[in-house]
>>> print(open('upload.tsv').read())   # TSV, C-alpha atoms
chain	number	residue	atom	x	y	z
A	1151	MET	CA	0.00	0.00	0.00
A	1152	GLN	CA	1.34	3.43	-0.92
A	1153	GLU	CA	1.84	5.66	2.10
A	1154	ARG	CA	-0.21	8.83	2.24
A	1155	GLU	CA	1.83	11.98	1.81
A	1156	THR	CA	1.98	14.17	4.90
A	1157	GLN	CA	-0.33	17.14	4.57
A	1158	PRO	CA	0.48	20.58	6.02
A	1159	GLU	CA	-2.43	20.40	8.46
A	1160	ASP	CA	-0.82	17.29	9.96
A	1161	TRP	CA	1.47	19.52	11.99
A	1162	ARG	CA	-0.87	18.93	14.93
A	1163	ALA	CA	0.12	15.28	14.91
A	1164	LEU	CA	3.70	16.43	15.49
A	1165	TYR	CA	2.63	18.46	18.52
A	1166	PRO	CA	0.29	16.18	20.52
A	1167	PHE	CA	0.73	17.95	23.84
A	1168	GLU	CA	-1.85	19.20	26.30
A	1169	SER	CA	-1.94	22.98	26.47
A	1170	ARG	CA	-1.32	24.61	29.84
A	1171	TYR	CA	-1.46	28.28	30.75
A	1172	LEU	CA	-0.03	30.62	33.34
A	1173	ASP	CA	-1.76	33.93	34.04
A	1174	LEU	CA	0.59	36.92	34.05
A	1175	PRO	CA	-0.05	40.61	34.73
A	1176	ALA	CA	-0.76	42.48	31.51
A	1177	SER	CA	1.20	45.44	32.90
A	1178	GLU	CA	2.59	46.68	36.18
A	1179	THR	CA	-0.36	49.02	36.66
A	1180	SER	CA	-3.25	46.91	35.33
A	1181	ALA	CA	-5.33	44.21	36.98
A	1182	ASP	CA	-5.76	42.54	33.59
A	1183	VAL	CA	-3.92	39.32	32.83
A	1184	VAL	CA	-2.45	37.64	29.76
A	1185	ARG	CA	-2.07	33.90	29.38
A	1186	MET	CA	1.34	32.36	28.79
A	1187	HIS	CA	1.09	29.00	27.04
A	1188	TYR	CA	3.36	26.08	27.79
A	1189	VAL	CA	3.44	22.33	27.35
A	1190	GLU	CA	5.19	19.64	29.31
A	1191	GLN	CA	6.09	15.98	29.26
A	1192	GLY	CA	7.54	13.64	31.85
A	1193	ASP	CA	6.96	13.18	35.55
A	1194	PRO	CA	6.22	16.48	37.36
A	1195	GLN	CA	8.08	14.99	40.33
A	1196	ALA	CA	11.17	14.14	38.29
A	1197	GLU	CA	14.51	15.00	39.83
A	1198	GLN	CA	15.42	17.42	37.02
A	1199	THR	CA	13.58	19.73	34.65
A	1200	VAL	CA	14.53	20.79	31.13
A	1201	LEU	CA	13.09	24.22	30.33
A	1202	CYS	CA	13.02	24.99	26.59
A	1203	VAL	CA	13.01	28.67	25.58
A	1204	HIS	CA	12.50	29.63	21.94
A	1205	GLY	CA	13.44	32.72	19.95
A	1206	ASN	CA	11.91	34.67	17.08
A	1207	PRO	CA	9.93	33.71	14.97
A	1208	THR	CA	9.53	30.20	16.39
A	1209	TRP	CA	7.54	28.80	19.32
A	1210	SER	CA	7.45	25.71	21.54
A	1211	PHE	CA	6.69	23.58	18.46
A	1212	THR	CA	10.39	23.64	17.58
A	1213	PHE	CA	11.16	21.66	20.76
A	1214	ARG	CA	8.62	18.91	20.03
A	1215	GLN	CA	11.27	16.18	19.69
A	1216	VAL	CA	12.91	17.18	22.97
A	1217	LEU	CA	9.53	16.93	24.68
A	1218	GLN	CA	8.95	13.48	23.23
A	1219	GLN	CA	12.43	11.98	23.67
A	1220	VAL	CA	13.70	13.56	26.88
A	1221	GLY	CA	10.42	13.29	28.79
A	1222	SER	CA	11.35	9.81	30.03
A	1223	HIS	CA	14.52	11.20	31.62
A	1224	ALA	CA	13.31	14.49	33.12
A	1225	ARG	CA	10.34	16.79	33.32
A	1226	VAL	CA	10.41	18.82	30.09
A	1227	ILE	CA	8.64	22.16	29.71
A	1228	ALA	CA	8.52	24.31	26.58
A	1229	VAL	CA	7.09	27.82	26.79
A	1230	ASP	CA	5.61	30.28	24.32
A	1231	HIS	CA	6.51	33.89	25.03
A	1232	ILE	CA	3.62	36.30	25.22
A	1233	GLY	CA	2.76	37.18	21.62
A	1234	CYS	CA	4.16	33.88	20.34
A	1235	GLY	CA	2.87	30.40	19.68
A	1236	LEU	CA	-0.37	29.69	21.51
A	1237	SER	CA	0.10	32.38	24.15
A	1238	ASP	CA	-2.08	35.49	24.17
A	1239	LYS	CA	-1.10	38.13	21.62
A	1240	PRO	CA	-2.18	41.50	23.05
A	1241	GLN	CA	-1.76	44.38	20.63
A	1242	ARG	CA	-0.88	46.87	23.35
A	1243	TYR	CA	1.83	45.26	25.41
A	1244	SER	CA	5.40	45.91	26.44
A	1245	TYR	CA	7.13	43.45	24.13
A	1246	THR	CA	10.61	44.04	25.51
A	1247	LEU	CA	13.43	41.80	26.62
A	1248	GLN	CA	12.88	42.94	30.19
A	1249	ARG	CA	9.23	41.89	30.11
A	1250	HIS	CA	9.99	38.48	28.54
A	1251	VAL	CA	12.69	37.86	31.17
A	1252	GLY	CA	10.27	38.75	33.94
A	1253	ASN	CA	7.57	36.50	32.50
A	1254	LEU	CA	9.88	33.49	32.33
A	1255	ALA	CA	11.22	34.13	35.82
A	1256	ARG	CA	7.64	34.22	37.09
A	1257	LEU	CA	6.88	30.90	35.38
A	1258	ILE	CA	9.94	29.29	36.99
A	1259	GLU	CA	8.79	30.56	40.38
A	1260	GLN	CA	5.09	29.78	39.98
A	1261	LEU	CA	5.73	26.23	38.79
A	1262	ASP	CA	8.33	25.83	41.55
A	1263	LEU	CA	10.90	24.51	39.10
A	1264	LYS	CA	14.13	23.20	40.59
A	1265	ARG	CA	17.32	21.67	39.21
A	1266	VAL	CA	16.54	23.27	35.86
A	1267	THR	CA	18.55	22.69	32.70
A	1268	LEU	CA	17.91	25.59	30.33
A	1269	LEU	CA	17.74	24.72	26.64
A	1270	VAL	CA	17.72	28.04	24.79
A	1271	HIS	CA	17.89	29.33	21.23
A	1272	ASP	CA	18.06	32.76	19.56
A	1273	TRP	CA	16.31	35.39	21.77
A	1274	GLY	CA	15.62	32.52	24.17
A	1275	GLY	CA	19.26	32.74	25.28
A	1276	ALA	CA	19.04	36.24	26.68
A	1277	ILE	CA	15.53	35.62	28.00
A	1278	GLY	CA	16.46	32.31	29.61
A	1279	VAL	CA	19.77	33.39	31.14
A	1280	GLY	CA	18.21	36.68	32.23
A	1281	ALA	CA	15.51	34.71	34.06
A	1282	ALA	CA	18.13	32.37	35.51
A	1283	LEU	CA	19.85	35.37	37.07
A	1284	LYS	CA	16.60	35.99	38.94
A	1285	ALA	CA	16.41	32.35	40.02
A	1286	LEU	CA	20.01	31.40	40.76
A	1287	ALA	CA	19.12	28.58	43.13
A	1288	ARG	CA	16.72	26.98	40.65
A	1289	VAL	CA	18.79	26.79	37.45
A	1290	ASP	CA	21.68	24.32	37.41
A	1291	LYS	CA	22.73	23.69	33.82
A	1292	PHE	CA	22.64	25.16	30.32
A	1293	VAL	CA	22.47	24.02	26.72
A	1294	LEU	CA	22.89	26.97	24.34
A	1295	LEU	CA	21.94	26.90	20.66
A	1296	ASN	CA	22.98	29.78	18.37
A	1297	THR	CA	22.24	32.71	20.61
A	1298	ALA	CA	23.78	35.82	22.17
A	1299	LEU	CA	23.93	37.03	25.76
A	1300	PHE	CA	25.34	40.46	24.96
A	1301	PRO	CA	24.50	43.58	22.94
A	1302	PRO	CA	24.53	42.85	19.21
A	1303	PRO	CA	28.02	43.25	17.72
A	1304	TYR	CA	26.30	43.70	14.32
A	1305	ILE	CA	22.84	43.60	12.77
A	1306	PRO	CA	22.61	41.46	9.62
A	1307	TRP	CA	21.26	43.39	6.65
A	1308	ARG	CA	18.30	41.04	6.33
A	1309	ILE	CA	17.30	41.93	9.89
A	1310	ALA	CA	18.10	45.60	9.41
A	1311	ALA	CA	15.77	45.74	6.39
A	1312	CYS	CA	12.92	44.55	8.59
A	1313	ARG	CA	13.53	47.50	10.91
A	1314	LEU	CA	12.90	50.10	8.21
A	1315	PRO	CA	9.88	52.31	8.98
A	1316	GLY	CA	6.89	51.40	6.86
A	1317	PHE	CA	8.50	48.51	5.03
A	1318	GLY	CA	9.40	46.54	8.16
A	1319	PRO	CA	5.93	46.32	9.75
A	1320	PHE	CA	4.32	45.71	6.33
A	1321	ALA	CA	6.75	42.90	5.50
A	1322	MET	CA	6.62	41.22	8.90
A	1323	ARG	CA	2.96	41.65	9.79
A	1324	ARG	CA	1.08	41.95	6.51
A	1325	LEU	CA	3.15	39.57	4.37
A	1326	ASN	CA	4.69	37.44	7.15
A	1327	LEU	CA	7.99	37.60	5.26
A	1328	PHE	CA	10.14	37.28	8.37
A	1329	ALA	CA	8.66	33.95	9.45
A	1330	ARG	CA	8.26	32.66	5.89
A	1331	ALA	CA	11.81	33.52	4.88
A	1332	ALA	CA	13.07	31.78	8.02
A	1333	LEU	CA	11.73	28.48	6.70
A	1334	THR	CA	14.54	28.44	4.11
A	1335	MET	CA	17.13	31.06	5.11
A	1336	THR	CA	17.80	29.26	8.41
A	1337	LEU	CA	18.64	25.94	6.77
A	1338	ASN	CA	21.80	24.41	5.35
A	1339	ARG	CA	21.84	20.67	6.04
A	1340	LEU	CA	18.25	20.34	4.81
A	1341	PRO	CA	17.21	21.69	1.40
A	1342	THR	CA	13.74	22.36	2.75
A	1343	LEU	CA	11.52	21.55	5.71
A	1344	PRO	CA	8.82	18.88	5.50
A	1345	PRO	CA	5.48	20.54	4.69
A	1346	ALA	CA	3.92	19.64	8.04
A	1347	VAL	CA	6.89	21.11	9.94
A	1348	ALA	CA	6.80	24.32	7.91
A	1349	ALA	CA	3.07	24.56	8.50
A	1350	GLY	CA	3.56	24.03	12.22
A	1351	LEU	CA	6.16	26.76	12.54
A	1352	LEU	CA	3.85	29.23	10.76
A	1353	ALA	CA	0.55	28.09	12.28
A	1354	PRO	CA	0.25	30.61	15.15
A	1355	TYR	CA	1.21	33.53	12.88
A	1356	HIS	CA	-1.69	33.68	10.47
A	1357	ASP	CA	-2.66	37.37	10.31
A	1358	TRP	CA	-1.59	40.93	11.19
A	1359	ASN	CA	-2.55	40.74	14.86
A	1360	SER	CA	-0.99	37.33	15.48
A	1361	ARG	CA	2.38	38.54	14.15
A	1362	VAL	CA	2.74	41.41	16.59
A	1363	ALA	CA	5.55	39.85	18.64
A	1364	ILE	CA	7.54	38.87	15.53
A	1365	ALA	CA	7.78	42.55	14.64
A	1366	ARG	CA	8.36	43.71	18.19
A	1367	PHE	CA	11.25	41.31	18.74
A	1368	VAL	CA	12.98	42.75	15.68
A	1369	GLN	CA	12.23	46.31	16.78
A	1370	ASP	CA	13.64	45.59	20.26
A	1371	ILE	CA	17.12	44.79	18.92
A	1372	PRO	CA	19.14	47.67	20.36
A	1373	ARG	CA	21.60	49.83	18.47
A	1374	ARG	CA	22.63	52.33	21.14
A	1375	LYS	CA	24.01	52.00	24.65
A	1376	SER	CA	21.30	54.32	25.93
A	1377	GLN	CA	18.55	51.81	25.09
A	1378	ALA	CA	17.10	49.74	27.93
A	1379	THR	CA	17.52	46.44	26.06
A	1380	TRP	CA	21.20	47.22	25.38
A	1381	GLN	CA	21.71	47.90	29.07
A	1382	LEU	CA	19.94	44.70	30.07
A	1383	LEU	CA	22.00	42.64	27.61
A	1384	SER	CA	25.17	44.21	28.99
A	1385	SER	CA	24.05	43.33	32.51
A	1386	ILE	CA	23.32	39.74	31.51
A	1387	GLU	CA	26.75	39.42	29.92
A	1388	GLN	CA	28.52	40.88	32.94
A	1389	SER	CA	26.55	38.70	35.36
A	1390	SER	CA	27.15	35.50	33.40
A	1391	GLU	CA	30.26	34.87	35.48
A	1392	LEU	CA	27.85	33.63	38.16
A	1393	PHE	CA	27.41	30.53	36.00
A	1394	ALA	CA	31.10	29.85	35.51
A	1395	ASP	CA	30.86	26.70	37.66
A	1396	ARG	CA	27.69	25.34	36.07
A	1397	PRO	CA	27.61	22.52	33.51
A	1398	MET	CA	27.35	24.19	30.11
A	1399	ARG	CA	27.05	22.74	26.62
A	1400	ILE	CA	26.91	24.70	23.38
A	1401	VAL	CA	25.58	23.22	20.13
A	1402	TRP	CA	26.25	25.60	17.27
A	1403	GLY	CA	25.15	25.61	13.66
A	1404	MET	CA	28.23	26.97	11.92
A	1405	LYS	CA	26.33	28.02	8.76
A	1406	ASP	CA	24.18	30.53	10.64
A	1407	TRP	CA	24.26	33.95	8.91
A	1408	CYS	CA	22.48	35.61	11.84
A	1409	PHE	CA	24.41	34.38	14.89
A	1410	ARG	CA	27.79	34.10	13.26
A	1411	VAL	CA	30.96	32.47	14.55
A	1412	GLU	CA	32.03	35.62	16.42
A	1413	CYS	CA	28.99	35.13	18.67
A	1414	LEU	CA	30.16	31.60	19.46
A	1415	ASP	CA	33.68	32.87	20.16
A	1416	ARG	CA	32.30	35.46	22.58
A	1417	LEU	CA	30.23	32.84	24.39
A	1418	THR	CA	33.20	30.52	24.80
A	1419	GLN	CA	35.10	33.41	26.35
A	1420	LEU	CA	32.24	33.94	28.79
A	1421	PHE	CA	31.98	30.21	29.53
A	1422	PRO	CA	35.41	28.59	29.17
A	1423	GLN	CA	34.05	25.49	30.92
A	1424	ALA	CA	31.50	24.88	28.15
A	1425	GLN	CA	31.67	21.76	26.02
A	1426	VAL	CA	31.15	22.88	22.44
A	1427	GLN	CA	29.80	20.88	19.53
A	1428	ARG	CA	30.25	22.67	16.21
A	1429	LEU	CA	27.87	21.46	13.51
A	1430	GLU	CA	29.63	22.43	10.31
A	1431	ASP	CA	26.67	21.85	8.00
A	1432	VAL	CA	23.82	23.30	10.13
A	1433	GLY	CA	22.20	26.73	9.92
A	1434	HIS	CA	20.26	28.79	12.43
A	1435	TYR	CA	17.32	26.42	12.98
A	1436	VAL	CA	19.41	23.94	14.92
A	1437	MET	CA	16.40	22.12	16.36
A	1438	GLU	CA	14.99	21.53	12.88
A	1439	GLU	CA	18.23	20.36	11.26
A	1440	ALA	CA	20.01	18.64	14.14
A	1441	ALA	CA	17.47	17.59	16.77
A	1442	GLY	CA	19.29	14.32	17.33
A	1443	GLU	CA	22.58	16.00	18.20
A	1444	VAL	CA	20.85	18.49	20.48
A	1445	ILE	CA	18.96	15.77	22.33
A	1446	GLN	CA	22.19	13.82	22.87
A	1447	GLU	CA	23.76	16.91	24.43
A	1448	VAL	CA	20.71	17.57	26.61
A	1449	LEU	CA	20.78	14.00	27.91
A	1450	ALA	CA	24.52	14.26	28.54
A	1451	CYS	CA	24.04	17.56	30.33
A	1452	LEU	CA	21.48	15.98	32.64
A	1453	GLN	CA	24.24	13.59	33.72
A	1454	ASP	CA	26.81	16.33	34.24
A	1455	GLY	CA	27.71	17.06	37.84
A	1456	ARG	CA	28.70	20.33	39.47
A	1457	ASP	CA	32.13	20.75	40.99
>>> encode(input="upload.tsv", output="structure tokens")
Amino acid sequence: MQERETQPEDWRALYPFESRYLDLPASETSADVVRMHYVEQGDPQAEQTVLCVHGNPTWSFTFRQVLQQVGSHARVIAVDHIGCGLSDKPQRYSYTLQRHVGNLARLIEQLDLKRVTLLVHDWGGAIGVGAALKALARVDKFVLLNTALFPPPYIPWRIAACRLPGFGPFAMRRLNLFARAALTMTLNRLPTLPPAVAAGLLAPYHDWNSRVAIARFVQDIPRRKSQATWQLLSSIEQSSELFADRPMRIVWGMKDWCFRVECLDRLTQLFPQAQVQRLEDVGHYVMEEAAGEVIQEVLACLQDGRD
């Protein structure tokens, strides 16, 4: 019998997880709340927790294989930032690094997570490590995938174009070019993503309103030292020495045009204890091109001890 070809709508079969939500304050002065979506697998009483933190323009869907394969070894949680994935997408909201850090720190506290291994990618690195600095006793270990924990040393022209007034919002929110282009521009090992995977990555971002955070993440990339996000990134970098004794693994797609090799070099200077796996044929979407290698490193990290 000939196998049926996978259809784009089958992305839901790749993400068979029960949705959970955490209520967060909509602002510091409002009684309104927004709902932060997350999913989890594994025993809630497991000795260790893997907390997966995505970047832009992805969502918890990109960690689906970690949820499925690591859930028998630890409790695994994957979050959607406010404005992303299946979380609420308020149109008037402070979509800043500081707010995302605070939201994740609140989730760690509210869920009473302990012995956490952070698995982070892209913006998820700064968000995750920033939250870890607010929860030092709760976060033990780190697995970093193509990310930066410091002010941007450069802004790639493809990102800079999306910051242009007029064109940027139209391209990102009306045409969804940022998320659509990422389906191919982030790849190297794979010529293209399977249709169901591509559909899953795009599924939450289906109209102007649902793409608000995609645009705001790009707009929040700082260019000047006077900007609050620049200052927070500088603080995260300077405070990273607090994790110098923690088990740290870095899995890096070396064909990434966005987080280039100089970002990896800077991270290894920050974390000389890190074990680094360089994937010579992988681009920015490390979880989509090299899930197997990432999962091996996560499992190894769970076994790592602290000196």
>>> closest_residue(input="upload.tsv", among="A:Thr1267, A:Ser1390, A:Gln1215, A:Ser1244", to="Gln1198 (chain A)", atoms="all atoms listed in the file")
A:Thr1267
>>> atom_distance(input="upload.tsv", atom1="CA of Gln1453 (chain A)", atom2="CA of His1223 (chain A)")
10.2 Å
>>> closest_residue(input="upload.tsv", among="A:Val1347, A:Phe1211, A:Asp1357, A:Ile1305", to="Leu1327 (chain A)", atoms="all atoms listed in the file")
A:Asp1357
>>> residues_around(input="upload.tsv", residues="Ala1332 (chain A)", least_positions_apart="2", cutoff="12 Å", atoms="all atoms listed in the file", output="MDAnalysis selection string")
chainID A and resid 1205:1208 1308:1309 1322 1326:1330 1334:1338 1342:1343 1348 1351:1352 1364 1406:1408 1433:1435 1438
>>> residues_around(input="upload.tsv", residues="Leu1383 (chain A)", least_positions_apart="6", cutoff="8 Å", atoms="only C-alpha atoms", output="PDB file with C-alpha atoms, in the frame of the given file")
ATOM      1  CA  ALA A1276      19.040  36.240  26.680  1.00  0.00           C
ATOM      2  CA  LEU A1299      23.930  37.030  25.760  1.00  0.00           C
ATOM      3  CA  PHE A1300      25.340  40.460  24.960  1.00  0.00           C
ATOM      4  CA  PRO A1301      24.500  43.580  22.940  1.00  0.00           C
TER       5      PRO A1301
END
>>> residues_around(input="upload.tsv", residues="Val1200 (chain A)", least_positions_apart="5", cutoff="7 Å", atoms="only C-alpha atoms", output="CSV table (one decimal) with C-alpha atoms, in the coordinates of the input")
chain,number,residue,atom,x,y,z
A,1224,ALA,CA,13.3,14.5,33.1
A,1225,ARG,CA,10.3,16.8,33.3
A,1226,VAL,CA,10.4,18.8,30.1
A,1227,ILE,CA,8.6,22.2,29.7
A,1266,VAL,CA,16.5,23.3,35.9
A,1267,THR,CA,18.6,22.7,32.7
A,1268,LEU,CA,17.9,25.6,30.3
A,1269,LEU,CA,17.7,24.7,26.6
>>> closest_residue(input="upload.tsv", among="A:Val1436, A:Leu1314, A:Ala1365, A:Ala1163", to="Gly1403 (chain A)", atoms="all atoms listed in the file")
A:Val1436
>>> residues_around(input="upload.tsv", residues="Ala1282 (chain A)", least_positions_apart="5", cutoff="10 Å", atoms="all atoms listed in the file", output="list in words")
Val1251, Leu1254, Ala1255, Ile1258, Val1266, Leu1268, Ala1276, Ile1277, Ala1287, Arg1288, Val1289, Asp1290, Lys1291, Phe1292, Ile1386, Ser1390 and Phe1393 of chain A
>>> closest_residue(input="upload.tsv", among="A:Pro1345, A:Val1220, A:Arg1185, A:Ile1400", to="Leu1333 (chain A)", atoms="only C-alpha atoms")
A:Pro1345
>>> closest_residue(input="upload.tsv", among="A:Val1411, A:Gln1218, A:Glu1447, A:Ala1363", to="Glu1430 (chain A)", atoms="all atoms listed in the file")
A:Val1411
>>> residues_near_point(input="upload.tsv", point="(26.8, 21.9, 26.6)", cutoff="8 Å", atoms="all atoms listed in the file", output="ChimeraX atom specification")
/A:1292-1294,1397-1401,1424-1427,1447-1448,1451
>>> residues_around(input="upload.tsv", residues="Trp1402 (chain A)", least_positions_apart="3", cutoff="7 Å", atoms="all atoms listed in the file", output="PyMOL selection string")
chain A and resi 1295-1296+1427-1429
